[in-house]
Number of protein chains: 2
Amino acid sequence: MIVAGGQGTRMGMALPKQFLQLGGKPILYHTVASFARALPQAHIVLVLPEQDVSKLQMVLEHFTDRIDMTVVTGGSTRFDSVKRGLQSIPKDSIILVHDGVRPFVSDALIHRCIHAALEHGAAIPSLPVVDSVRMLGQDDQFAPVDRNKLRIVQTPQAFRGDILLPAFEQDYHIDFTDEATVVESLQHKVWLVEGERNNIKITTPEDLHLAESIIAQGKNF
Amino acid sequence: MIVAGGQGTRMGMALPKQFLQLGGKPILYHTVASFARALPQAHIVLVLPEQDVSKLQMVLEHFTDRIDMTVVTGGSTRFDSVKRGLQSIPKDSIILVHDGVRPFVSDALIHRCIHAALEHGAAIPSLPVVDSVRMLGQDDQFAPVDRNKLRIVQTPQAFRGDILLPAFEQDYHIDFTDEATVVESLQHKVWLVEGERNNIKITTPEDLHLAESIIAQGKNF
(Lines give C-alpha, C1' and ligand atoms only; values in the text may rest on other atoms or scores of the structure.)
Protein backbone atom coordinates (compact mmCIF):
# COMPACT_ATOMS: atom_id res chain seq x y z
CA MET A 1 0.00 0.00 0.00
CA ILE A 2 1.39 3.33 -1.09
CA VAL A 3 -0.07 6.28 0.80
CA ALA A 4 0.14 9.56 -1.09
CA GLY A 5 -1.70 12.02 1.07
CA GLY A 6 0.53 15.09 1.08
CA GLN A 7 -0.76 18.49 0.13
CA GLY A 8 2.56 20.07 -0.78
CA THR A 9 2.21 22.97 1.64
CA ARG A 10 5.82 22.64 2.80
CA MET A 11 6.90 22.70 -0.83
CA GLY A 12 5.17 26.03 -1.33
CA MET A 13 3.69 24.71 -4.56
CA ALA A 14 0.18 24.25 -5.83
CA LEU A 15 0.79 20.69 -7.04
CA PRO A 16 0.85 18.06 -4.24
CA LYS A 17 4.44 16.96 -3.71
CA GLN A 18 3.89 13.37 -4.84
CA PHE A 19 3.17 14.71 -8.35
CA LEU A 20 6.24 16.93 -8.59
CA GLN A 21 8.72 15.93 -11.27
CA LEU A 22 11.85 13.98 -10.42
CA GLY A 23 14.00 13.07 -13.40
CA GLY A 24 11.11 14.00 -15.69
CA LYS A 25 8.54 11.76 -14.00
CA PRO A 26 6.33 12.30 -10.94
CA ILE A 27 7.79 11.28 -7.57
CA LEU A 28 4.85 8.93 -7.15
CA TYR A 29 5.74 7.16 -10.38
CA HIS A 30 9.18 6.31 -9.02
CA THR A 31 7.69 5.05 -5.75
CA VAL A 32 5.15 2.80 -7.48
CA ALA A 33 7.81 1.61 -9.92
CA SER A 34 10.12 0.61 -7.05
CA PHE A 35 7.50 -1.77 -5.70
CA ALA A 36 6.42 -3.03 -9.13
CA ARG A 37 10.07 -3.89 -9.83
CA ALA A 38 10.81 -5.47 -6.45
CA LEU A 39 7.55 -7.43 -6.25
CA PRO A 40 6.19 -8.13 -9.76
CA GLN A 41 3.54 -10.48 -8.32
CA ALA A 42 2.27 -8.12 -5.63
CA HIS A 43 -0.94 -6.18 -5.75
CA ILE A 44 -0.47 -2.45 -5.22
CA VAL A 45 -3.07 -0.39 -3.38
CA LEU A 46 -2.57 3.33 -3.95
CA VAL A 47 -4.30 5.67 -1.51
CA LEU A 48 -4.80 9.16 -2.92
CA PRO A 49 -6.78 12.23 -1.84
CA GLU A 50 -10.01 12.36 -3.83
CA GLN A 51 -9.08 15.65 -5.49
CA ASP A 52 -5.86 14.08 -6.84
CA VAL A 53 -7.35 11.05 -8.55
CA SER A 54 -7.61 13.09 -11.74
CA LYS A 55 -3.81 13.57 -11.64
CA LEU A 56 -3.17 9.84 -11.60
CA GLN A 57 -2.80 9.76 -15.36
CA MET A 58 0.44 11.76 -14.90
CA VAL A 59 1.79 8.69 -13.09
CA LEU A 60 0.25 5.91 -15.14
CA GLU A 61 1.35 7.25 -18.52
CA HIS A 62 4.98 6.43 -17.67
CA PHE A 63 4.38 2.72 -17.17
CA THR A 64 4.92 0.58 -20.22
CA ASP A 65 3.89 -2.68 -18.53
CA ARG A 66 0.52 -3.23 -16.96
CA ILE A 67 0.49 -2.48 -13.22
CA ASP A 68 -1.77 -4.52 -10.92
CA MET A 69 -3.06 -1.60 -8.87
CA THR A 70 -6.19 -0.53 -6.99
CA VAL A 71 -6.75 3.16 -6.32
CA VAL A 72 -8.54 4.11 -3.09
CA THR A 73 -9.42 7.65 -2.04
CA GLY A 74 -7.91 8.67 1.27
CA GLY A 75 -9.39 10.05 4.46
CA SER A 76 -8.57 13.13 6.50
CA THR A 77 -5.78 11.46 8.53
CA ARG A 78 -3.04 8.97 7.73
CA PHE A 79 -4.85 6.47 9.97
CA ASP A 80 -8.10 6.89 8.08
CA SER A 81 -6.36 6.70 4.69
CA VAL A 82 -4.57 3.47 5.57
CA LYS A 83 -7.77 2.04 7.03
CA ARG A 84 -9.57 2.67 3.75
CA GLY A 85 -6.72 1.11 1.82
CA LEU A 86 -6.86 -2.03 3.95
CA GLN A 87 -10.50 -2.72 3.17
CA SER A 88 -9.91 -4.91 0.15
CA ILE A 89 -6.82 -6.72 1.48
CA PRO A 90 -7.18 -10.35 2.63
CA LYS A 91 -6.11 -11.29 6.15
CA ASP A 92 -3.54 -13.84 4.97
CA SER A 93 -1.48 -11.17 3.12
CA ILE A 94 1.81 -9.64 4.03
CA ILE A 95 1.06 -5.90 3.89
CA LEU A 96 3.69 -3.21 3.34
CA VAL A 97 2.60 0.38 3.95
CA HIS A 98 4.88 2.92 2.28
CA ASP A 99 5.04 6.70 1.94
CA GLY A 100 4.28 7.90 -1.60
CA VAL A 101 7.13 10.41 -1.34
CA ARG A 102 9.88 7.86 -0.60
CA PRO A 103 10.81 6.93 -4.18
CA PHE A 104 14.25 5.41 -3.53
CA VAL A 105 13.28 2.37 -1.48
CA SER A 106 15.46 -0.51 -2.71
CA ASP A 107 14.51 -4.07 -3.61
CA ALA A 108 16.74 -5.22 -0.77
CA LEU A 109 14.93 -3.13 1.83
CA ILE A 110 11.51 -4.23 0.60
CA HIS A 111 12.54 -7.89 0.87
CA ARG A 112 14.16 -7.34 4.27
CA CYS A 113 10.88 -5.94 5.58
CA ILE A 114 8.85 -8.81 4.13
CA HIS A 115 11.10 -11.47 5.61
CA ALA A 116 11.06 -9.83 9.03
CA ALA A 117 7.26 -9.48 8.94
CA LEU A 118 6.90 -13.15 8.03
CA GLU A 119 9.09 -14.12 10.96
CA HIS A 120 8.07 -11.54 13.57
CA GLY A 121 4.60 -10.36 12.48
CA ALA A 122 5.52 -6.67 12.28
CA ALA A 123 8.71 -4.98 11.06
CA ILE A 124 9.84 -1.43 10.30
CA PRO A 125 13.07 -0.03 8.83
CA SER A 126 15.15 1.99 11.24
CA LEU A 127 18.47 3.82 11.23
CA PRO A 128 20.80 5.18 13.87
CA VAL A 129 21.02 8.96 14.12
CA VAL A 130 24.38 10.44 13.11
CA ASP A 131 23.65 14.08 13.85
CA SER A 132 23.36 15.53 17.32
CA VAL A 133 19.74 15.81 18.40
CA ARG A 134 17.91 18.11 20.78
CA MET A 135 14.51 17.75 22.36
CA LEU A 136 12.12 20.44 23.52
CA GLY A 137 11.95 20.31 27.31
CA GLN A 138 9.35 21.59 29.76
CA ASP A 139 11.30 24.86 30.01
CA ASP A 140 10.66 25.49 26.28
CA GLN A 141 14.38 25.04 25.55
CA PHE A 142 15.89 22.45 23.23
CA ALA A 143 18.19 20.28 25.33
CA PRO A 144 20.60 17.62 24.03
CA VAL A 145 19.45 14.00 24.03
CA ASP A 146 21.63 10.90 23.71
CA ARG A 147 21.46 10.09 20.01
CA ASN A 148 22.54 6.51 20.69
CA LYS A 149 19.11 5.95 22.19
CA LEU A 150 17.33 7.26 19.08
CA ARG A 151 16.33 5.49 15.90
CA ILE A 152 14.89 7.07 12.77
CA VAL A 153 11.92 5.10 11.49
CA GLN A 154 11.20 4.81 7.76
CA THR A 155 8.75 2.96 5.58
CA PRO A 156 7.83 0.40 4.24
CA GLN A 157 6.27 -0.77 7.48
CA ALA A 158 5.50 -4.46 7.02
CA PHE A 159 2.90 -6.60 8.78
CA ARG A 160 1.11 -9.89 8.65
CA GLY A 161 -2.47 -9.14 7.66
CA ASP A 162 -3.87 -10.94 10.70
CA ILE A 163 -2.05 -8.39 12.87
CA LEU A 164 -2.53 -5.19 10.86
CA LEU A 165 -6.18 -5.58 9.87
CA PRO A 166 -7.58 -6.02 13.41
CA ALA A 167 -5.36 -3.18 14.66
CA PHE A 168 -7.08 -0.77 12.26
CA GLU A 169 -10.50 -1.73 13.67
CA GLN A 170 -9.64 0.43 16.70
CA ASP A 171 -10.79 4.01 17.06
CA TYR A 172 -8.20 6.58 16.04
CA HIS A 173 -5.86 7.80 18.75
CA ILE A 174 -3.56 10.82 18.55
CA ASP A 175 -0.55 8.59 19.31
CA PHE A 176 -1.07 6.69 16.03
CA THR A 177 1.73 8.45 14.12
CA ASP A 178 2.49 5.50 11.85
CA GLU A 179 1.23 1.96 11.33
CA ALA A 180 3.64 0.46 13.87
CA THR A 181 2.14 2.55 16.68
CA VAL A 182 -1.35 1.29 15.76
CA VAL A 183 -0.22 -2.33 16.00
CA GLU A 184 1.72 -1.73 19.21
CA SER A 185 -1.35 -0.35 20.95
CA LEU A 186 -2.64 -3.95 20.81
CA GLN A 187 0.59 -5.14 22.49
CA HIS A 188 2.18 -6.52 19.32
CA LYS A 189 5.95 -6.14 19.24
CA VAL A 190 7.45 -4.45 16.19
CA TRP A 191 10.79 -5.70 14.86
CA LEU A 192 13.37 -3.19 13.64
CA VAL A 193 15.22 -3.96 10.40
CA GLU A 194 18.01 -1.85 8.97
CA GLY A 195 16.76 1.08 6.90
CA GLU A 196 18.54 3.00 4.16
CA ARG A 197 19.92 6.55 4.14
CA ASN A 198 18.79 7.05 0.56
CA ASN A 199 15.23 6.11 1.39
CA ILE A 200 14.50 9.79 1.94
CA LYS A 201 11.07 11.29 2.42
CA ILE A 202 10.71 14.21 0.02
CA THR A 203 8.95 16.99 1.89
CA THR A 204 10.81 20.21 1.09
CA PRO A 205 12.26 21.84 -2.05
CA GLU A 206 15.69 20.99 -0.63
CA ASP A 207 14.79 17.30 -0.40
CA LEU A 208 13.63 17.45 -4.01
CA HIS A 209 16.98 18.92 -4.98
CA LEU A 210 18.76 16.08 -3.19
CA ALA A 211 16.46 13.58 -4.88
CA GLU A 212 17.29 15.09 -8.29
CA SER A 213 20.96 14.49 -7.52
CA ILE A 214 20.27 10.84 -6.78
CA ILE A 215 18.20 10.32 -9.91
CA ALA A 216 20.69 12.20 -12.10
CA GLN A 217 23.22 9.47 -11.51
CA GLY A 218 20.78 7.07 -13.11
CA LYS A 219 21.08 4.63 -10.24
CA ASN A 220 18.25 2.88 -8.54
CA PHE A 221 19.11 2.93 -4.88
CA MET B 1 37.91 25.35 12.59
CA ILE B 2 37.44 22.12 10.70
CA VAL B 3 37.67 19.04 12.89
CA ALA B 4 38.65 15.92 10.99
CA GLY B 5 39.04 13.28 13.64
CA GLY B 6 37.25 10.24 12.20
CA GLN B 7 38.93 6.89 11.91
CA GLY B 8 36.74 5.43 9.21
CA THR B 9 35.72 2.37 11.22
CA ARG B 10 32.08 2.69 10.17
CA MET B 11 33.26 2.90 6.56
CA GLY B 12 35.05 -0.43 6.91
CA MET B 13 38.05 1.09 5.16
CA ALA B 14 41.67 1.59 6.12
CA LEU B 15 41.74 5.24 5.00
CA PRO B 16 40.05 7.65 7.44
CA LYS B 17 36.75 8.77 5.95
CA GLN B 18 37.76 12.42 5.56
CA PHE B 19 40.34 11.31 2.98
CA LEU B 20 38.00 9.14 0.92
CA GLN B 21 37.42 10.37 -2.62
CA LEU B 22 34.31 12.30 -3.56
CA GLY B 23 34.19 13.45 -7.17
CA GLY B 24 37.89 12.66 -7.50
CA LYS B 25 38.99 14.73 -4.50
CA PRO B 26 39.11 13.93 -0.77
CA ILE B 27 36.00 14.73 1.24
CA LEU B 28 38.13 17.01 3.40
CA TYR B 29 39.16 19.03 0.35
CA HIS B 30 35.52 19.82 -0.39
CA THR B 31 34.90 20.83 3.21
CA VAL B 32 37.89 23.17 3.36
CA ALA B 33 37.02 24.56 -0.07
CA SER B 34 33.46 25.37 1.07
CA PHE B 35 34.83 27.63 3.81
CA ALA B 36 37.59 29.11 1.67
CA ARG B 37 34.94 30.06 -0.90
CA ALA B 38 32.39 31.41 1.58
CA LEU B 39 34.93 33.31 3.70
CA PRO B 40 37.99 34.25 1.61
CA GLN B 41 39.30 36.46 4.46
CA ALA B 42 38.92 33.89 7.21
CA HIS B 43 41.72 31.91 8.78
CA ILE B 44 41.12 28.16 8.72
CA VAL B 45 42.30 25.94 11.56
CA LEU B 46 42.32 22.29 10.56
CA VAL B 47 42.45 19.75 13.39
CA LEU B 48 43.76 16.36 12.27
CA PRO B 49 44.88 13.20 14.08
CA GLU B 50 48.68 13.15 14.23
CA GLN B 51 48.93 10.00 12.11
CA ASP B 52 46.97 11.71 9.31
CA VAL B 53 49.07 14.84 8.94
CA SER B 54 51.13 13.02 6.31
CA LYS B 55 47.94 12.57 4.24
CA LEU B 56 47.27 16.31 4.15
CA GLN B 57 49.09 16.65 0.84
CA MET B 58 46.20 14.67 -0.70
CA VAL B 59 43.99 17.62 0.22
CA LEU B 60 46.33 20.53 -0.42
CA GLU B 61 47.33 19.45 -3.93
CA HIS B 62 43.84 20.26 -5.20
CA PHE B 63 43.96 23.92 -4.20
CA THR B 64 45.14 26.29 -6.88
CA ASP B 65 44.95 29.39 -4.69
CA ARG B 66 46.85 29.77 -1.48
CA ILE B 67 44.81 28.77 1.58
CA ASP B 68 45.32 30.61 4.88
CA MET B 69 45.33 27.54 7.10
CA THR B 70 46.90 26.31 10.33
CA VAL B 71 47.10 22.55 10.96
CA VAL B 72 46.80 21.35 14.56
CA THR B 73 47.05 17.73 15.67
CA GLY B 74 43.97 16.50 17.50
CA GLY B 75 43.44 14.88 20.87
CA SER B 76 41.72 11.67 21.89
CA THR B 77 38.24 13.23 22.12
CA ARG B 78 36.35 15.81 20.11
CA PHE B 79 36.51 18.14 23.12
CA ASP B 80 40.27 17.80 23.34
CA SER B 81 40.72 18.25 19.59
CA VAL B 82 38.66 21.45 19.52
CA LYS B 83 40.45 22.72 22.63
CA ARG B 84 43.80 22.31 20.89
CA GLY B 85 42.48 24.03 17.78
CA LEU B 86 41.30 26.99 19.84
CA GLN B 87 44.74 27.70 21.29
CA SER B 88 45.87 30.11 18.60
CA ILE B 89 42.52 31.86 18.09
CA PRO B 90 42.06 35.39 19.48
CA LYS B 91 39.18 36.09 21.84
CA ASP B 92 37.62 38.74 19.60
CA SER B 93 37.05 36.27 16.76
CA ILE B 94 33.86 34.70 15.56
CA ILE B 95 34.65 30.98 15.60
CA LEU B 96 32.87 28.37 13.50
CA VAL B 97 33.52 24.74 14.38
CA HIS B 98 32.65 22.34 11.56
CA ASP B 99 32.82 18.59 10.94
CA GLY B 100 35.47 17.62 8.38
CA VAL B 101 33.03 15.15 6.80
CA ARG B 102 30.27 17.67 6.05
CA PRO B 103 31.48 18.87 2.64
CA PHE B 104 28.22 20.39 1.35
CA VAL B 105 27.79 23.27 3.78
CA SER B 106 26.59 26.26 1.74
CA ASP B 107 27.78 29.86 1.75
CA ALA B 108 24.32 30.85 2.94
CA LEU B 109 24.41 28.55 5.95
CA ILE B 110 27.91 29.69 6.92
CA HIS B 111 26.80 33.32 6.82
CA ARG B 112 23.56 32.56 8.67
CA CYS B 113 25.59 31.03 11.50
CA ILE B 114 28.01 33.97 11.64
CA HIS B 115 25.23 36.54 11.77
CA ALA B 116 23.40 34.68 14.50
CA ALA B 117 26.61 34.27 16.54
CA LEU B 118 27.30 37.99 16.24
CA GLU B 119 23.82 38.76 17.48
CA HIS B 120 23.28 36.00 20.05
CA GLY B 121 26.79 34.86 20.99
CA ALA B 122 26.25 31.20 20.07
CA ALA B 123 24.35 29.64 17.18
CA ILE B 124 23.94 26.18 15.69
CA PRO B 125 22.13 24.95 12.56
CA SER B 126 19.12 22.77 13.27
CA LEU B 127 16.45 21.02 11.26
CA PRO B 128 13.07 19.52 12.04
CA VAL B 129 12.84 15.74 11.86
CA VAL B 130 10.65 14.42 9.04
CA ASP B 131 10.92 10.72 9.80
CA SER B 132 9.23 9.05 12.74
CA VAL B 133 11.65 8.60 15.63
CA ARG B 134 11.86 6.08 18.45
CA MET B 135 13.78 6.25 21.69
CA LEU B 136 15.16 3.43 23.79
CA GLY B 137 13.21 3.30 27.03
CA GLN B 138 13.99 1.80 30.41
CA ASP B 139 12.29 -1.44 29.30
CA ASP B 140 14.92 -1.84 26.54
CA GLN B 141 12.26 -1.23 23.88
CA PHE B 142 12.24 1.55 21.29
CA ALA B 143 9.11 3.62 21.89
CA PRO B 144 7.79 6.43 19.66
CA VAL B 145 8.67 10.00 20.57
CA ASP B 146 6.98 13.16 19.30
CA ARG B 147 9.20 14.22 16.40
CA ASN B 148 7.83 17.77 16.61
CA LYS B 149 9.82 18.12 19.81
CA LEU B 150 13.06 17.02 18.14
CA ARG B 151 15.63 18.98 16.19
CA ILE B 152 18.62 17.60 14.31
CA VAL B 153 21.75 19.61 15.08
CA GLN B 154 24.42 20.15 12.42
CA THR B 155 27.61 22.12 12.11
CA PRO B 156 29.07 24.76 11.69
CA GLN B 157 28.49 25.66 15.31
CA ALA B 158 29.27 29.36 15.61
CA PHE B 159 30.39 31.35 18.66
CA ARG B 160 31.84 34.61 19.77
CA GLY B 161 35.39 33.88 20.93
CA ASP B 162 34.80 35.43 24.34
CA ILE B 163 32.14 32.76 24.93
CA LEU B 164 33.77 29.72 23.33
CA LEU B 165 37.33 30.12 24.58
CA PRO B 166 36.50 30.30 28.32
CA ALA B 167 34.04 27.41 27.92
CA PHE B 168 36.88 25.16 26.75
CA GLU B 169 38.87 25.95 29.89
CA GLN B 170 36.54 23.59 31.76
CA ASP B 171 37.39 19.98 32.46
CA TYR B 172 35.90 17.52 30.01
CA HIS B 173 32.46 16.14 30.85
CA ILE B 174 30.76 13.17 29.18
CA ASP B 175 27.78 15.38 28.27
CA PHE B 176 29.99 17.49 25.98
CA THR B 177 28.79 15.93 22.73
CA ASP B 178 29.36 19.04 20.63
CA GLU B 179 30.58 22.61 21.14
CA ALA B 180 27.12 23.95 22.00
CA THR B 181 26.86 21.64 25.01
CA VAL B 182 30.22 22.92 26.28
CA VAL B 183 29.04 26.52 26.08
CA GLU B 184 25.66 25.72 27.62
CA SER B 185 27.29 24.18 30.68
CA LEU B 186 28.30 27.78 31.52
CA GLN B 187 24.65 28.87 31.20
CA HIS B 188 25.09 30.50 27.78
CA LYS B 189 22.02 30.19 25.57
CA VAL B 190 22.53 28.73 22.09
CA TRP B 191 20.49 30.12 19.21
CA LEU B 192 19.08 27.74 16.58
CA VAL B 193 19.36 28.76 12.93
CA GLU B 194 17.90 26.82 10.04
CA GLY B 195 20.19 24.01 8.84
CA GLU B 196 20.29 22.31 5.44
CA ARG B 197 19.27 18.81 4.42
CA ASN B 198 22.22 18.55 2.05
CA ASN B 199 24.68 19.37 4.81
CA ILE B 200 25.07 15.64 5.43
CA LYS B 201 27.68 14.05 7.65
CA ILE B 202 29.41 11.32 5.66
CA THR B 203 29.88 8.39 8.02
CA THR B 204 28.88 5.27 6.10
CA PRO B 205 29.49 3.89 2.58
CA GLU B 206 25.83 4.68 1.90
CA ASP B 207 26.35 8.34 2.84
CA LEU B 208 29.34 8.42 0.50
CA HIS B 209 27.14 7.07 -2.27
CA LEU B 210 24.60 9.80 -1.62
CA ALA B 211 27.39 12.38 -1.55
CA GLU B 212 28.64 11.12 -4.92
CA SER B 213 25.16 11.74 -6.31
CA ILE B 214 25.22 15.31 -5.08
CA ILE B 215 28.67 16.01 -6.45
CA ALA B 216 27.90 14.33 -9.77
CA GLN B 217 25.42 17.07 -10.53
CA GLY B 218 28.26 19.53 -10.33
CA LYS B 219 26.37 21.77 -7.97
CA ASN B 220 27.67 23.33 -4.85
CA PHE B 221 24.89 23.05 -2.31
# chains A, B, ... in the order shown; residues from 1 in each chain; ligands from 1
>>> interface_residues(of="chain A", to="chain B", cutoff="9 Å", atoms="only C-alpha atoms", output="JSON, numbers by chain")
{"A": [126, 129, 130, 131, 132, 133, 134, 135, 136, 137, 142, 143, 144, 146, 147, 148, 149, 150, 151, 152, 153, 154, 175, 177, 178, 181, 196, 197, 198, 200, 201, 203, 206, 207, 209, 210, 211, 212, 213, 214, 215, 216, 217]}
>>> select_by_dssp(residues="stretch 113-150 of chain A", states="strand (DSSP E)", output="list in words")
Ala122, Ala123, Ile124, Pro125, Ser126, Leu127, Pro128, Ser132, Val133, Arg134, Met135, Leu136, Phe142, Ala143, Pro144, Val145 and Leu150 of chain A
>>> residues_around(residues="A:Asp92", least_positions_apart="6", cutoff="8 Å", atoms="only C-alpha atoms", output="VMD selection string")
chain A and resid 160 to 162
>>> select_by_dssp(residues="stretch 95-185 of chain A", states="alpha helix (DSSP H)", output="number ranges by chain")
A: 107-120, 161-167, 179-184
>>> closest_residue(among="A:Gln138, A:Thr64, A:Gln51, A:Gln157", to="A:Ala123", atoms="only C-alpha atoms")
A:Gln157
>>> residues_around(residues="A:Ile94", least_positions_apart="3", cutoff="10 Å", atoms="only C-alpha atoms", output="ChimeraX atom specification")
/A:42,89-91,113-115,117-118,121-122,158-164
>>> closest_residue(among="B:Ala4, B:Leu22, B:Leu39, B:Ile27", to="B:Ser81", atoms="only C-alpha atoms")
B:Ala4
>>> closest_residue(among="B:Val105, B:Leu20, B:Ala33, B:Ala167", to="B:Leu60", atoms="only C-alpha atoms")
B:Ala33
>>> residues_around(residues="stretch 65-74 of chain A", least_positions_apart="2", cutoff="8 Å", atoms="only C-alpha atoms", output="list in words")
Gly5, Ala36, Ala42, His43, Ile44, Val45, Leu46, Val47, Leu48, Pro49, Glu50, Val53, Phe63, Ser76, Asp80, Ser81, Val82, Arg84 and Gly85 of chain A
>>> write_last_selection(atoms="N, CA, C and O atoms", output="short mmCIF file (atom, residue, chain, number, x, y, z; two decimals), in the first residue's frame")
data_model
loop_
_atom_site.label_atom_id
_atom_site.label_comp_id
_atom_site.auth_asym_id
_atom_site.auth_seq_id
_atom_site.Cartn_x
_atom_site.Cartn_y
_atom_site.Cartn_z
N GLY A 5 -0.70 11.10 0.54
CA GLY A 5 -1.70 12.02 1.07
C GLY A 5 -1.27 13.46 1.14
O GLY A 5 -2.07 14.33 1.49
N ALA A 36 6.76 -2.17 -7.98
CA ALA A 36 6.42 -3.03 -9.13
C ALA A 36 7.63 -3.84 -9.56
O ALA A 36 7.53 -5.00 -9.97
N ALA A 42 3.07 -8.74 -6.70
CA ALA A 42 2.27 -8.12 -5.63
C ALA A 42 1.16 -7.26 -6.20
O ALA A 42 1.24 -6.75 -7.32
N HIS A 43 0.12 -7.10 -5.40
CA HIS A 43 -0.94 -6.18 -5.75
C HIS A 43 -0.68 -4.85 -5.05
O HIS A 43 -0.40 -4.83 -3.85
N ILE A 44 -0.74 -3.76 -5.80
CA ILE A 44 -0.47 -2.45 -5.22
C ILE A 44 -1.79 -1.74 -4.94
O ILE A 44 -2.67 -1.69 -5.80
N VAL A 45 -1.93 -1.24 -3.73
CA VAL A 45 -3.07 -0.39 -3.38
C VAL A 45 -2.52 1.03 -3.22
O VAL A 45 -1.62 1.27 -2.42
N LEU A 46 -3.03 1.94 -4.02
CA LEU A 46 -2.57 3.33 -3.95
C LEU A 46 -3.66 4.18 -3.31
O LEU A 46 -4.79 4.21 -3.81
N VAL A 47 -3.33 4.81 -2.19
CA VAL A 47 -4.30 5.67 -1.51
C VAL A 47 -3.99 7.12 -1.83
O VAL A 47 -2.89 7.60 -1.59
N LEU A 48 -4.96 7.79 -2.41
CA LEU A 48 -4.80 9.16 -2.92
C LEU A 48 -5.94 10.04 -2.41
O LEU A 48 -7.07 9.57 -2.32
N PRO A 49 -5.66 11.32 -2.12
CA PRO A 49 -6.78 12.23 -1.84
C PRO A 49 -7.73 12.29 -3.04
O PRO A 49 -7.27 12.25 -4.19
N GLU A 50 -9.01 12.41 -2.76
CA GLU A 50 -10.01 12.36 -3.83
C GLU A 50 -9.72 13.39 -4.93
O GLU A 50 -9.83 13.09 -6.11
N VAL A 53 -7.17 12.23 -7.70
CA VAL A 53 -7.35 11.05 -8.55
C VAL A 53 -7.23 11.43 -10.02
O VAL A 53 -6.67 10.68 -10.83
N PHE A 63 4.19 4.17 -17.24
CA PHE A 63 4.38 2.72 -17.17
C PHE A 63 4.16 2.10 -18.55
O PHE A 63 3.18 2.40 -19.22
N SER A 76 -9.12 11.85 6.03
CA SER A 76 -8.57 13.13 6.50
C SER A 76 -7.29 12.94 7.30
O SER A 76 -6.55 13.88 7.51
N ASP A 80 -6.87 7.11 8.84
CA ASP A 80 -8.10 6.89 8.08
C ASP A 80 -7.79 6.46 6.64
O ASP A 80 -8.45 5.58 6.08
N SER A 81 -6.75 7.06 6.06
CA SER A 81 -6.36 6.70 4.69
C SER A 81 -5.91 5.25 4.62
O SER A 81 -6.31 4.49 3.73
N VAL A 82 -5.06 4.85 5.57
CA VAL A 82 -4.57 3.47 5.57
C VAL A 82 -5.72 2.51 5.81
O VAL A 82 -5.85 1.47 5.16
N ARG A 84 -8.81 2.84 5.01
CA ARG A 84 -9.57 2.67 3.75
C ARG A 84 -8.83 1.76 2.78
O ARG A 84 -9.42 0.94 2.10
N GLY A 85 -7.52 1.93 2.73
CA GLY A 85 -6.72 1.11 1.82
C GLY A 85 -6.73 -0.36 2.19
O GLY A 85 -6.59 -1.23 1.33
#
>>> residues_around(residues="A:Val59", least_positions_apart="3", cutoff="7 Å", atoms="only C-alpha atoms", output="VMD selection string")
chain A and resid 26 28 to 29 56 62
>>> residues_around(residues="B:Lys83", least_positions_apart="6", cutoff="9 Å", atoms="only C-alpha atoms", output="mmCIF file with all heavy atoms, in the first residue's frame")
data_model
loop_
_atom_site.group_PDB
_atom_site.id
_atom_site.type_symbol
_atom_site.label_atom_id
_atom_site.label_comp_id
_atom_site.auth_asym_id
_atom_site.auth_seq_id
_atom_site.Cartn_x
_atom_site.Cartn_y
_atom_site.Cartn_z
ATOM 1 N N GLY B 74 45.099 16.647 16.599
ATOM 2 C CA GLY B 74 43.966 16.498 17.501
ATOM 3 C C GLY B 74 44.282 15.676 18.735
ATOM 4 O O GLY B 74 45.357 15.078 18.861
ATOM 5 N N GLY B 75 43.319 15.670 19.648
ATOM 6 C CA GLY B 75 43.437 14.877 20.865
ATOM 7 C C GLY B 75 42.639 13.590 20.764
ATOM 8 O O GLY B 75 42.227 13.186 19.677
ATOM 9 N N LEU B 165 36.002 30.390 24.016
ATOM 10 C CA LEU B 165 37.331 30.123 24.584
ATOM 11 C C LEU B 165 37.276 29.827 26.090
ATOM 12 O O LEU B 165 37.827 28.808 26.531
ATOM 13 C CB LEU B 165 38.290 31.277 24.252
ATOM 14 C CG LEU B 165 38.668 31.365 22.765
ATOM 15 C CD1 LEU B 165 39.389 32.682 22.458
ATOM 16 C CD2 LEU B 165 39.536 30.187 22.337
ATOM 17 N N PHE B 168 35.960 26.280 26.932
ATOM 18 C CA PHE B 168 36.880 25.158 26.747
ATOM 19 C C PHE B 168 38.016 25.137 27.779
ATOM 20 O O PHE B 168 38.908 24.284 27.700
ATOM 21 C CB PHE B 168 37.403 25.106 25.301
ATOM 22 C CG PHE B 168 36.490 24.325 24.405
ATOM 23 C CD1 PHE B 168 35.375 24.912 23.824
ATOM 24 C CD2 PHE B 168 36.717 22.973 24.175
ATOM 25 C CE1 PHE B 168 34.511 24.177 23.018
ATOM 26 C CE2 PHE B 168 35.854 22.233 23.364
ATOM 27 C CZ PHE B 168 34.753 22.832 22.789
ATOM 28 N N GLU B 169 37.939 26.042 28.750
ATOM 29 C CA GLU B 169 38.868 25.953 29.888
ATOM 30 C C GLU B 169 38.361 24.966 30.944
ATOM 31 O O GLU B 169 39.088 24.605 31.870
ATOM 32 C CB GLU B 169 39.059 27.348 30.526
ATOM 33 C CG GLU B 169 39.730 28.359 29.624
ATOM 34 C CD GLU B 169 41.120 27.907 29.194
ATOM 35 O OE1 GLU B 169 41.883 27.425 30.047
ATOM 36 O OE2 GLU B 169 41.415 28.023 27.977
#
>>> closest_residue(among="A:Val183, A:Val3, A:Val101, A:Leu96", to="A:Pro125", atoms="only C-alpha atoms")
A:Leu96
>>> closest_residue(among="A:Glu61, A:Asp99, A:Glu179, A:Asp107", to="A:Ser34", atoms="only C-alpha atoms")
A:Asp107
